[in-house]
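Everything below concerns the one structure shown next.
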Amino acid sequence: MKNAARHIDVGGLVQGVGFRPFIYRHARQYGLKGWVRNYTGGVEIHIEGHPHFCDNFIQSLRNQAPAASQISEIKEKHTKPQAYTSFSIQPSLNGSNQITNISPDIAVCEDCLEDMKKQPRRYMYPFTNCTHCGPRFSIVKDIPYDRDKTTMREFEMCSECREEYENVADRRFHAQPVSCRNCGPVFELIYNKNSLEKEFDYSFDRNVLDSWQLAVGNWQNMGINLSLKSSFANYFLPTANLIEYSTRTTSLLCLVNTTISSGKILALKSTGGFQLIADAMNEVTIRRLRKIKQRHSKPFAVMFKDLKTAREYTEINKEEAEALQSWRRPIVVLRQKKSLSEEVNRGFTTLGVVLPYSPMHYLLMDALDTRAIVFTSANMKGQPLISKNQEAKKLLEKDCCDAVLQHNRDIVHKLDDSIVRVINDKPSLLRRARGYVPEPIQMKDHMEGILAMGADLKNAFCIGKDRRAILSQYIGDLKDFDVFRHYQNSITEFNRLFRMTPNVIACDAHPNYHSSELVRKLRRKNSNPDNEVKLLQVQHHHAHIASVMAEHHLDEKVIGIAMDGTGYGDDGKIWGSEFFISDLEHYRRWGHLGYLPLPGGEKAIKEPWRIATAVLYNIFGKDFYRLPISYHQLVDRKDQTLVVKALQKNLNIHESCGMGRLFDVVAALLNLIHKSHFDGEGPVKLENIVSASKESYSYGFKNNVFGYEPIIRGVVDDLIEKVAKGEIAARFHNTIVKMIAYGVKELSAKTGINKVVLSGGMFQNKYITEQTTKRLFENGLTVYTNEKVPANDGGIALGQMVIAAKKLKKKTNYVLEYTSKG
Ligand code: ZN
Ligand code: ZN
Ligand code: FE
């Protein structure tokens with residue numbers, strides 16, 4: 001049969017993930033000739049050979065592509081055979097303004113872990129990587145993704161590494177961070193002499209082995225630094241060299257083990273920044289860690305050695321296991337089976353679990369006596385992540401840790417660990433950072449030139465590049481000065497890296513948001529009358545709904561349900577329980593929860609007992625003190641009186657219909673929280689105790705406002721009747737589900753719309769989301785939720801962006817606009 005030829009164009013995440021070597025091997029497997037090359041928009045392939053094999057090649061592309069690659073499209077066309085005699089990888093084509101995707105950081109692969117056991121140059125080498133794994137975005141300074149544009153530039157490849165790098169058949173062909181112990185970065189341990197000398201001496205005395213003394217000798221010569229560097233390593237004497245090297249590595253790991261087992265805290269330089277780690281079984285240490293981090297009740301995440309160990313302590317279903325082991329390696333929120341230490345997750349029945357993702361994590365978890373370590377970012381409260389060795393040293397000086405395990409490769413982009421929870425059998429993101437960023441969200445329309453600022457809480461911003469929306473990593477809360485500075489720098493950095501000049505800026509409609517403030521500054525700076533930067537202020541919950549629509553390419557009228565904590569509303573009050581009819585341009589507010597009084601405004605959000613007392617007073621009148629509920633024994637009568645007085649005089653009483661506030665009230669009445677120590681504590685604690693029950697309370701509905709009074713009366717009655725808290729929590733949850741289902745049913749009947757979008761922070765609640773989805777599905781509706789971006793404010797920038805793009809398409813000449821009722 002005559003030879004056939006095909007030209008194939010592959011778009012998506014296909015660079016920096018071992019795609020060309022894969023194509024090379026794949027083509028050879030089918031005996032095809034031709035070439036493959038990178039170009040700025042993706043990968044181009046020419047194959048020729050037996051027509052049947054050409055077809056097979058294309059058909060199996062998607063299934064067999066490297067795990068971290070993501071093919072967004074394959075365009076193929078028939079072409080004429082050119083009589084190639086081999087298959088080759090051709091030099092990259094450059095030249096357009098298009099940019100290829102930069103890969104997120106990828107957890108170390110199985111093959112590399114094997115190399116760390118067998119390959120002399122990589123024996124226990126903590127920077128082992130290949131084209132399928134290793135750091136990516138965290139070390140990229142510029143594009144195109146090439147070694148000199150990463151922080152690996154400082155490390156000149158040895159001849160063996162170069163050979164691998166240049167050999168098309170090698171797993172390390174063009175793996176930009178490739179290195180080995182002869183040429184790559186090194187780890188060192190720095191410790192606080194005062195706090196660790198005793199422990200170290202003790203373990204040395206007990207381990208007087210020849211090899212061990214060698215390590216001690218080295219370590220003493222170097223003062224307080226114990227370095228892994230093997231400067232006189234010689235490949236031709238692998239055995240002797242290996243013993244020495246592994247001895248030092250082992251020594252270092254032994255010291256780390258001593259540090260952790262003696263109850264000390266270690267700062268570890270990981271992929272995206274420094275983390276504090278400590279023995280998860282040691283109550284005293286974790287209590288100290290809580291003090292250092294000023295973390296009162298928020299649970300800590302934990303790293304287990306492997307899935308098997310994680311299963312002893314948590315329940316893990318199929319989807320959760322997949323998320324835990326995926327190359328993205330996020331923290332996964334799981335149901336706890338057996339407690340590690342009360343201090344790890346103080347009263348929560350869930351536990352955030354992560355498996356090792358860097359080679360050093362594997363070495364560590366093998367070396368440690370403990371089965372689990374607490375794993376938390378090393379920054380202090382209100383600070384951005386830290387990534388510089390200098391900053392870690394300060395931690396040591398301030399006694400915020402006892403030792404630092406750091407290395408000499410710089411981190412360019414700081415990345416927190418991502419957090420995932422499996423909801424409706426799908427992983428949903430609670431925090432999107434390492435392993436996900438900067439993977440773009442593919443859009444239907446052009447987004448070029450749009451900068452979306454995000455919200456102030458849990459901020460992430462988003463930039464538009466052709467049809468891609470590139471969402472930044474989780475930045476944090478902008479009210480903190482240093483976080484705000486990090487935010488500004490990150491925006492500048494993203495614009496530079498992705499060659500983006502904003503001509504449209506979208507921000508939240510809140511007048512006092514720091515992000516909106518920055519927009520005003522940016523516009524003043526760019527004030528060029530001929531080319532004024534357009535500005536769009538987007539209503540918070542409209543943006544939440546649009547974030548889901550963007551992900552699912554919806555561009556039509558939908559029923560949008562935004563259940564949230566806070567968000568600036570068109571009436572100047574705080575919204576957050578919105579029943580919208582909306583499309584990408586407009587929204588109409590059909591209904592919402594009744595407004596709750598917030599005595600003292602912001603203060604009431606931090607201290608939910610204030611709202612609870614105000615609500616009790618409004619419902620039961622001045623006799624509310626006499627209600628026989630234990631809430632009154634635990635919340636000071638004098639404090640409650642002050643709230644009542646403020647209410648009577650209408651003094652500084654704000655109003656909110658945020659669903660989060662109603663959860664706070666119920667959590668306060670159940671004495672789960674009176675003061676809130678982290679965002680969403682009330683709702684999380686309430687969900688935490690939900691028991692299996694089908695019962696619910698009644699709620700009011702008048703003039704499209706859902707009344708909470710009957711709900712609170714129901715809760716109080718149950719409290720008086722001494723109904724179990726878990727049962728009350730379940731009844732309350734069921735009520736909210738019922739309420740949402742009712743609102744949607746009404747709206748759908750009125751409008752004929754049957755697509756429902758759920759978003760906002762409340763949909764991080766697994767129970768609410770799963771029950772609501774089920775209920776709506778039974779009512780014949782199609783439900784859409786966030787999958788690629790968080791349902792909380794971390795996903796808002798995507799919504800702002802898609803709204804701005806739509807507006808721009810419809811009306812190209814606005815300069816300043818507010819989204820409005822349609
Ligand atoms: Zn690898
Ligand atoms: Zn090397
Ligand atoms: Fe929100």
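Going through the structure tokens in order, the chains are called A, B, and so on, while each chain numbers its residues from 1 and the ligands are numbered from 1 in the order shown.
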I'd like a table as a tab-separated table: residues in chain A with an atom no more than 7 Å from ligand 3, each row giving the shortest atom pair and its distance in Å to one decimal, only C-alpha atoms and all ligand atoms counted, sorted by chain and rising residue number.
residue	atom	partner	partner_atom_place_in_ligand_line	distance
A:His540	CA	ligand 3	1 (Fe)	6.3
A:His541	CA	ligand 3	1 (Fe)	6.5
A:His544	CA	ligand 3	1 (Fe)	6.8
A:Asp564	CA	ligand 3	1 (Fe)	5.2
A:Gly565	CA	ligand 3	1 (Fe)	6.1
A:Thr566	CA	ligand 3	1 (Fe)	5.7
A:Gly567	CA	ligand 3	1 (Fe)	5.7
A:Gly760	CA	ligand 3	1 (Fe)	5.3
A:Gly761	CA	ligand 3	1 (Fe)	5.9
A:Asn792	CA	ligand 3	1 (Fe)	5.7
A:Asp793	CA	ligand 3	1 (Fe)	4.6
Write out as a Markdown table a residue-level contact list of range 111-192 of chain A versus range 493-505 of chain A with cut-off 10 Å: for each qualifying residue the closest pair of atoms and the distance in Å to one decimal, counting only C-alpha atoms, rows sorted by chain and residue number upward.
| residue | atom | partner | partner_atom | distance |
| --- | --- | --- | --- | --- |
| A:Val140 | CA | A:Leu497 | CA | 9.2 |
| A:Lys141 | CA | A:Leu497 | CA | 7.7 |
| A:Asp142 | CA | A:Leu497 | CA | 5.8 |
| A:Ile143 | CA | A:Leu497 | CA | 6.9 |
| A:Pro144 | CA | A:Leu497 | CA | 9.7 |
Write the selection just made, keeping N, CA, C and O atoms, as a PDB file, in the first residue's frame?
ATOM      1  N   VAL A 140      10.482  29.202  36.926  1.00  0.00           N
ATOM      2  CA  VAL A 140      10.520  29.898  35.630  1.00  0.00           C
ATOM      3  C   VAL A 140      10.628  31.407  35.802  1.00  0.00           C
ATOM      4  O   VAL A 140       9.800  32.025  36.446  1.00  0.00           O
ATOM      5  N   LYS A 141      11.687  31.971  35.174  1.00  0.00           N
ATOM      6  CA  LYS A 141      11.833  33.425  35.229  1.00  0.00           C
ATOM      7  C   LYS A 141      11.251  34.074  33.986  1.00  0.00           C
ATOM      8  O   LYS A 141      10.843  35.219  34.003  1.00  0.00           O
ATOM      9  N   ASP A 142      11.316  33.351  32.861  1.00  0.00           N
ATOM     10  CA  ASP A 142      10.805  33.932  31.629  1.00  0.00           C
ATOM     11  C   ASP A 142      10.465  32.810  30.656  1.00  0.00           C
ATOM     12  O   ASP A 142      10.802  31.652  30.898  1.00  0.00           O
ATOM     13  N   ILE A 143       9.783  33.173  29.562  1.00  0.00           N
ATOM     14  CA  ILE A 143       9.488  32.181  28.527  1.00  0.00           C
ATOM     15  C   ILE A 143      10.263  32.539  27.263  1.00  0.00           C
ATOM     16  O   ILE A 143      10.691  33.693  27.131  1.00  0.00           O
ATOM     17  N   PRO A 144      10.457  31.635  26.285  1.00  0.00           N
ATOM     18  CA  PRO A 144      10.027  30.237  26.328  1.00  0.00           C
ATOM     19  C   PRO A 144      10.768  29.449  27.396  1.00  0.00           C
ATOM     20  O   PRO A 144      11.879  29.795  27.793  1.00  0.00           O
TER      21      PRO A 144
END
query: Using only C-alpha atoms and all ligand atoms, which protein or nucleic acid residues are at most 12 Å from ligand 2, as a ChimeraX atom specification?
result: /A:119-122,125,127-129,152,155-165,172,177-185,230-231,233-235
Output the selection as a short mmCIF file (atom, residue, chain, number, x, y, z; two decimals), in the first residue's frame - N, CA, C and O atoms for each residue.
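Done, and the output landed in result.cif:
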data_model
loop_
_atom_site.label_atom_id
_atom_site.label_comp_id
_atom_site.auth_asym_id
_atom_site.auth_seq_id
_atom_site.Cartn_x
_atom_site.Cartn_y
_atom_site.Cartn_z
N GLN A 119 20.46 4.63 40.50
CA GLN A 119 21.42 5.33 39.65
C GLN A 119 22.47 6.02 40.52
O GLN A 119 22.12 6.88 41.33
N PRO A 120 23.77 5.66 40.35
CA PRO A 120 24.78 6.22 41.25
C PRO A 120 24.73 7.75 41.33
O PRO A 120 24.83 8.31 42.41
N ARG A 121 24.59 8.41 40.19
CA ARG A 121 24.62 9.88 40.22
C ARG A 121 23.38 10.47 40.89
O ARG A 121 23.33 11.66 41.18
N ARG A 122 22.37 9.67 41.04
CA ARG A 122 21.15 10.22 41.65
C ARG A 122 20.75 9.43 42.89
O ARG A 122 19.62 9.55 43.36
N TYR A 125 19.43 11.41 45.64
CA TYR A 125 19.64 12.81 45.26
C TYR A 125 18.30 13.57 45.25
O TYR A 125 17.40 13.25 44.48
N PHE A 127 17.11 16.27 44.15
CA PHE A 127 16.64 17.15 43.07
C PHE A 127 16.42 16.35 41.79
O PHE A 127 16.45 16.90 40.70
N THR A 128 16.24 15.05 41.94
CA THR A 128 16.03 14.20 40.77
C THR A 128 14.73 14.58 40.06
O THR A 128 13.71 14.80 40.70
N ASN A 129 14.80 14.69 38.74
CA ASN A 129 13.59 14.97 37.96
C ASN A 129 13.82 14.53 36.53
O ASN A 129 14.92 14.15 36.15
N MET A 152 17.62 27.21 37.35
CA MET A 152 18.63 26.17 37.16
C MET A 152 19.81 26.70 36.35
O MET A 152 20.81 26.02 36.17
N PHE A 155 23.33 26.43 37.59
CA PHE A 155 23.99 25.14 37.74
C PHE A 155 24.36 24.58 36.39
O PHE A 155 23.49 24.17 35.62
N GLU A 156 25.65 24.56 36.13
CA GLU A 156 26.07 24.05 34.83
C GLU A 156 25.99 22.53 34.82
O GLU A 156 26.47 21.87 35.75
N MET A 157 25.42 22.00 33.77
CA MET A 157 25.25 20.55 33.70
C MET A 157 26.61 19.86 33.59
O MET A 157 27.47 20.32 32.84
N CYS A 158 26.76 18.74 34.27
CA CYS A 158 27.96 17.93 34.09
C CYS A 158 27.84 17.19 32.76
O CYS A 158 26.77 17.19 32.15
N SER A 159 28.91 16.53 32.34
CA SER A 159 28.86 15.94 31.00
C SER A 159 27.80 14.83 30.91
O SER A 159 27.13 14.69 29.91
N GLU A 160 27.63 14.07 32.01
CA GLU A 160 26.62 13.01 31.96
C GLU A 160 25.20 13.58 31.86
O GLU A 160 24.37 13.06 31.14
N CYS A 161 24.97 14.63 32.62
CA CYS A 161 23.63 15.24 32.56
C CYS A 161 23.39 15.82 31.17
O CYS A 161 22.30 15.70 30.62
N ARG A 162 24.41 16.44 30.62
CA ARG A 162 24.26 17.03 29.29
C ARG A 162 23.95 15.96 28.25
O ARG A 162 23.12 16.14 27.37
N GLU A 163 24.60 14.82 28.41
CA GLU A 163 24.36 13.72 27.48
C GLU A 163 22.88 13.29 27.52
O GLU A 163 22.25 13.11 26.49
N GLU A 164 22.38 13.18 28.73
CA GLU A 164 20.96 12.81 28.88
C GLU A 164 20.07 13.89 28.27
O GLU A 164 19.09 13.60 27.59
N TYR A 165 20.45 15.12 28.55
CA TYR A 165 19.66 16.27 28.10
C TYR A 165 19.58 16.33 26.58
O TYR A 165 18.57 16.75 26.01
N ARG A 172 15.35 12.17 30.03
CA ARG A 172 15.69 13.53 30.47
C ARG A 172 16.02 14.44 29.29
O ARG A 172 16.61 15.49 29.46
N PRO A 177 15.19 21.23 34.27
CA PRO A 177 15.84 21.24 35.59
C PRO A 177 16.76 20.03 35.81
O PRO A 177 17.13 19.74 36.94
N VAL A 178 17.15 19.31 34.76
CA VAL A 178 17.94 18.09 34.95
C VAL A 178 19.24 18.39 35.71
O VAL A 178 19.87 19.43 35.51
N SER A 179 19.58 17.52 36.63
CA SER A 179 20.82 17.68 37.37
C SER A 179 21.10 16.38 38.09
O SER A 179 20.27 15.47 38.12
N CYS A 180 22.29 16.28 38.66
CA CYS A 180 22.61 15.14 39.49
C CYS A 180 23.48 15.66 40.63
O CYS A 180 23.77 16.84 40.68
N ARG A 181 23.91 14.75 41.49
CA ARG A 181 24.66 15.24 42.65
C ARG A 181 26.01 15.80 42.28
O ARG A 181 26.68 16.44 43.08
N ASN A 182 26.47 15.58 41.02
CA ASN A 182 27.75 16.15 40.61
C ASN A 182 27.61 17.60 40.18
O ASN A 182 28.60 18.32 40.08
N CYS A 183 26.42 18.01 39.82
CA CYS A 183 26.30 19.33 39.22
C CYS A 183 25.13 20.17 39.73
O CYS A 183 25.05 21.35 39.45
N GLY A 184 24.23 19.57 40.46
CA GLY A 184 22.99 20.29 40.79
C GLY A 184 23.01 21.01 42.12
O GLY A 184 24.05 21.10 42.79
N PRO A 185 21.87 21.51 42.53
CA PRO A 185 21.73 22.20 43.81
C PRO A 185 22.00 21.26 45.00
O PRO A 185 22.00 20.04 44.82
N SER A 230 28.89 17.14 47.28
CA SER A 230 29.96 16.18 47.12
C SER A 230 30.85 16.71 46.01
O SER A 230 30.67 16.38 44.85
N SER A 231 31.81 17.55 46.36
CA SER A 231 32.52 18.31 45.33
C SER A 231 33.55 17.47 44.59
O SER A 231 33.86 17.72 43.45
N ALA A 233 33.27 14.29 43.82
CA ALA A 233 32.64 13.06 43.37
C ALA A 233 33.24 12.62 42.04
O ALA A 233 33.54 13.42 41.20
N ASN A 234 33.41 11.32 41.92
CA ASN A 234 34.01 10.81 40.70
C ASN A 234 33.20 9.63 40.21
O ASN A 234 33.05 8.62 40.88
N TYR A 235 32.68 9.78 39.04
CA TYR A 235 31.79 8.77 38.50
C TYR A 235 32.48 7.43 38.32
O TYR A 235 31.87 6.39 38.35
#
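If one restricts the calculation to only C-alpha atoms and all ligand atoms, the set of residues situated within 6 Å of ligand 1 consists of Val108, Cys109, Asp111, Cys112, Asn129, Cys130, His132 and Cys133 of chain A.
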- request: For CA of Asn650 in chain A and CA of Gly714 in chain A, quote the distance in Å rounded to one decimal.
  value: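 Pair CA of Asn650 in chain A / CA of Gly714 in chain A returns 26.8 Å.
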In range 500-560 of chain A, DSSP strand (DSSP E) residues written as a VMD selection string: chain A and resid 504 to 508 534 to 538 558 to 560
Next, write the just-selected residues to a file, as an mmCIF file, in the first residue's frame, keeping all heavy atoms as the atom set.
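Result went into result16.cif, see below:
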data_model
loop_
_atom_site.group_PDB
_atom_site.id
_atom_site.type_symbol
_atom_site.label_atom_id
_atom_site.label_comp_id
_atom_site.auth_asym_id
_atom_site.auth_seq_id
_atom_site.Cartn_x
_atom_site.Cartn_y
_atom_site.Cartn_z
ATOM 1 N N VAL A 504 -8.290 46.534 29.676
ATOM 2 C CA VAL A 504 -9.548 46.511 30.417
ATOM 3 C C VAL A 504 -9.250 45.940 31.797
ATOM 4 O O VAL A 504 -8.564 44.925 31.915
ATOM 5 C CB VAL A 504 -10.591 45.583 29.741
ATOM 6 C CG1 VAL A 504 -11.888 45.585 30.528
ATOM 7 C CG2 VAL A 504 -10.829 45.984 28.311
ATOM 8 N N ILE A 505 -9.718 46.631 32.826
ATOM 9 C CA ILE A 505 -9.540 46.096 34.176
ATOM 10 C C ILE A 505 -10.909 45.875 34.791
ATOM 11 O O ILE A 505 -11.769 46.753 34.752
ATOM 12 C CB ILE A 505 -8.711 47.049 35.070
ATOM 13 C CG1 ILE A 505 -7.351 47.341 34.423
ATOM 14 C CG2 ILE A 505 -8.509 46.456 36.445
ATOM 15 C CD1 ILE A 505 -6.475 48.278 35.230
ATOM 16 N N ALA A 506 -11.112 44.683 35.320
ATOM 17 C CA ALA A 506 -12.368 44.386 36.001
ATOM 18 C C ALA A 506 -12.078 44.196 37.479
ATOM 19 O O ALA A 506 -11.109 43.529 37.837
ATOM 20 C CB ALA A 506 -12.995 43.128 35.415
ATOM 21 N N CYS A 507 -12.902 44.809 38.317
ATOM 22 C CA CYS A 507 -12.695 44.618 39.760
ATOM 23 C C CYS A 507 -14.040 44.493 40.453
ATOM 24 O O CYS A 507 -15.087 44.645 39.841
ATOM 25 C CB CYS A 507 -11.872 45.762 40.342
ATOM 26 S SG CYS A 507 -12.735 47.337 40.357
ATOM 27 N N ASP A 508 -14.000 44.228 41.737
ATOM 28 C CA ASP A 508 -15.222 44.090 42.519
ATOM 29 C C ASP A 508 -15.884 45.467 42.676
ATOM 30 O O ASP A 508 -15.209 46.502 42.652
ATOM 31 C CB ASP A 508 -14.885 43.506 43.895
ATOM 32 C CG ASP A 508 -16.108 42.952 44.607
ATOM 33 O OD1 ASP A 508 -16.846 43.746 45.237
ATOM 34 O OD2 ASP A 508 -16.327 41.729 44.522
ATOM 35 N N LYS A 534 -10.053 50.776 30.141
ATOM 36 C CA LYS A 534 -11.465 50.649 30.484
ATOM 37 C C LYS A 534 -11.588 49.972 31.849
ATOM 38 O O LYS A 534 -10.790 49.119 32.200
ATOM 39 C CB LYS A 534 -12.187 49.825 29.423
ATOM 40 C CG LYS A 534 -12.132 50.459 28.048
ATOM 41 C CD LYS A 534 -12.802 49.555 27.023
ATOM 42 C CE LYS A 534 -12.893 50.241 25.683
ATOM 43 N NZ LYS A 534 -11.576 50.385 25.026
ATOM 44 N N LEU A 535 -12.619 50.382 32.567
ATOM 45 C CA LEU A 535 -12.800 49.833 33.902
ATOM 46 C C LEU A 535 -14.222 49.321 34.063
ATOM 47 O O LEU A 535 -15.181 49.994 33.706
ATOM 48 C CB LEU A 535 -12.524 50.915 34.948
ATOM 49 C CG LEU A 535 -12.874 50.516 36.389
ATOM 50 C CD1 LEU A 535 -11.990 49.394 36.877
ATOM 51 C CD2 LEU A 535 -12.749 51.705 37.319
ATOM 52 N N LEU A 536 -14.314 48.134 34.611
ATOM 53 C CA LEU A 536 -15.626 47.567 34.861
ATOM 54 C C LEU A 536 -15.686 47.110 36.306
ATOM 55 O O LEU A 536 -14.816 46.366 36.770
ATOM 56 C CB LEU A 536 -15.853 46.372 33.929
ATOM 57 C CG LEU A 536 -17.205 45.706 34.063
ATOM 58 C CD1 LEU A 536 -18.312 46.584 33.521
ATOM 59 C CD2 LEU A 536 -17.197 44.371 33.345
ATOM 60 N N GLN A 537 -16.712 47.584 37.014
ATOM 61 C CA GLN A 537 -16.891 47.113 38.383
ATOM 62 C C GLN A 537 -17.969 46.041 38.378
ATOM 63 O O GLN A 537 -19.080 46.278 37.916
ATOM 64 C CB GLN A 537 -17.287 48.283 39.282
ATOM 65 C CG GLN A 537 -16.105 49.227 39.478
ATOM 66 C CD GLN A 537 -16.416 50.322 40.453
ATOM 67 O OE1 GLN A 537 -17.322 51.110 40.229
ATOM 68 N NE2 GLN A 537 -15.661 50.372 41.529
ATOM 69 N N VAL A 538 -17.622 44.904 38.875
ATOM 70 C CA VAL A 538 -18.520 43.747 38.767
ATOM 71 C C VAL A 538 -19.078 43.389 40.142
ATOM 72 O O VAL A 538 -18.326 43.271 41.118
ATOM 73 C CB VAL A 538 -17.768 42.528 38.184
ATOM 74 C CG1 VAL A 538 -18.712 41.355 37.995
ATOM 75 C CG2 VAL A 538 -17.101 42.888 36.865
ATOM 76 N N VAL A 558 -29.207 31.836 32.888
ATOM 77 C CA VAL A 558 -29.231 30.698 33.817
ATOM 78 C C VAL A 558 -29.844 31.141 35.146
ATOM 79 O O VAL A 558 -29.967 32.347 35.405
ATOM 80 C CB VAL A 558 -27.798 30.162 34.113
ATOM 81 C CG1 VAL A 558 -27.131 29.635 32.861
ATOM 82 C CG2 VAL A 558 -26.935 31.229 34.797
ATOM 83 N N ILE A 559 -30.209 30.161 35.945
ATOM 84 C CA ILE A 559 -30.587 30.457 37.329
ATOM 85 C C ILE A 559 -29.285 30.401 38.132
ATOM 86 O O ILE A 559 -28.611 29.383 38.140
ATOM 87 C CB ILE A 559 -31.597 29.426 37.861
ATOM 88 C CG1 ILE A 559 -32.889 29.513 37.034
ATOM 89 C CG2 ILE A 559 -31.865 29.642 39.339
ATOM 90 C CD1 ILE A 559 -33.879 28.395 37.320
ATOM 91 N N GLY A 560 -28.923 31.512 38.727
ATOM 92 C CA GLY A 560 -27.655 31.565 39.455
ATOM 93 C C GLY A 560 -27.893 31.636 40.952
ATOM 94 O O GLY A 560 -28.555 32.548 41.436
#
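Using only C-alpha atoms, the shortest contact distance between Ile689 in chain A and any of A:Arg731, A:His677, A:Lys338, A:Arg520 is found at A:Arg731.
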task: Skip Lys722 in chain A itself and residues of its chain fewer than 6 positions away, then list as JSON, numbers by chain all residues within 12 Å of it, counting only C-alpha atoms.
output: {"A": [628, 629, 630, 670, 715, 716, 728]}
Take the residues from that selection and put them in a file with N, CA and C atoms, as a PDB file, in the first residue's frame.
ATOM      1  N   PRO A 628     -34.378  28.991  78.103  1.00  0.00           N
ATOM      2  CA  PRO A 628     -33.513  28.050  78.837  1.00  0.00           C
ATOM      3  C   PRO A 628     -32.522  27.336  77.912  1.00  0.00           C
ATOM      4  N   ILE A 629     -31.602  28.105  77.362  1.00  0.00           N
ATOM      5  CA  ILE A 629     -30.581  27.490  76.491  1.00  0.00           C
ATOM      6  C   ILE A 629     -29.202  27.788  77.067  1.00  0.00           C
ATOM      7  N   SER A 630     -28.278  26.851  76.873  1.00  0.00           N
ATOM      8  CA  SER A 630     -26.969  26.999  77.533  1.00  0.00           C
ATOM      9  C   SER A 630     -26.151  28.138  76.916  1.00  0.00           C
ATOM     10  N   LEU A 670     -25.412  26.929  69.103  1.00  0.00           N
ATOM     11  CA  LEU A 670     -25.016  25.571  69.504  1.00  0.00           C
ATOM     12  C   LEU A 670     -23.706  25.587  70.299  1.00  0.00           C
ATOM     13  N   VAL A 715     -34.593  25.933  65.820  1.00  0.00           N
ATOM     14  CA  VAL A 715     -33.325  25.581  66.462  1.00  0.00           C
ATOM     15  C   VAL A 715     -33.439  25.768  67.979  1.00  0.00           C
ATOM     16  N   VAL A 716     -34.005  26.903  68.389  1.00  0.00           N
ATOM     17  CA  VAL A 716     -34.123  27.184  69.824  1.00  0.00           C
ATOM     18  C   VAL A 716     -35.025  26.142  70.497  1.00  0.00           C
ATOM     19  N   ILE A 728     -29.541  18.789  65.164  1.00  0.00           N
ATOM     20  CA  ILE A 728     -29.933  20.179  64.876  1.00  0.00           C
ATOM     21  C   ILE A 728     -29.176  20.675  63.639  1.00  0.00           C
TER      22      ILE A 728
END
query: Pick from A:Lys645, A:Lys809, A:Arg28, A:Arg346: nearest to Glu448 in chain A, with only C-alpha atoms counted?
result: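 Going through A:Lys645, A:Lys809, A:Arg28, A:Arg346 one by one, the smallest distance to Glu448 in chain A is for A:Lys809.
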message: Which of range 551-688 of chain A end up as helix (DSSP H, G or I) when DSSP is run on this backbone - answer as JSON, numbers by chain?
response: {"A": [551, 602, 603, 604, 605, 606, 608, 609, 610, 611, 612, 613, 614, 615, 616, 617, 618, 619, 620, 621, 622, 623, 624, 625, 626, 631, 632, 633, 634, 637, 638, 639, 640, 641, 642, 643, 644, 645, 646, 647, 648, 659, 660, 661, 662, 663, 664, 665, 666, 667, 668, 669, 681, 682, 683, 684, 685, 686, 687, 688]}
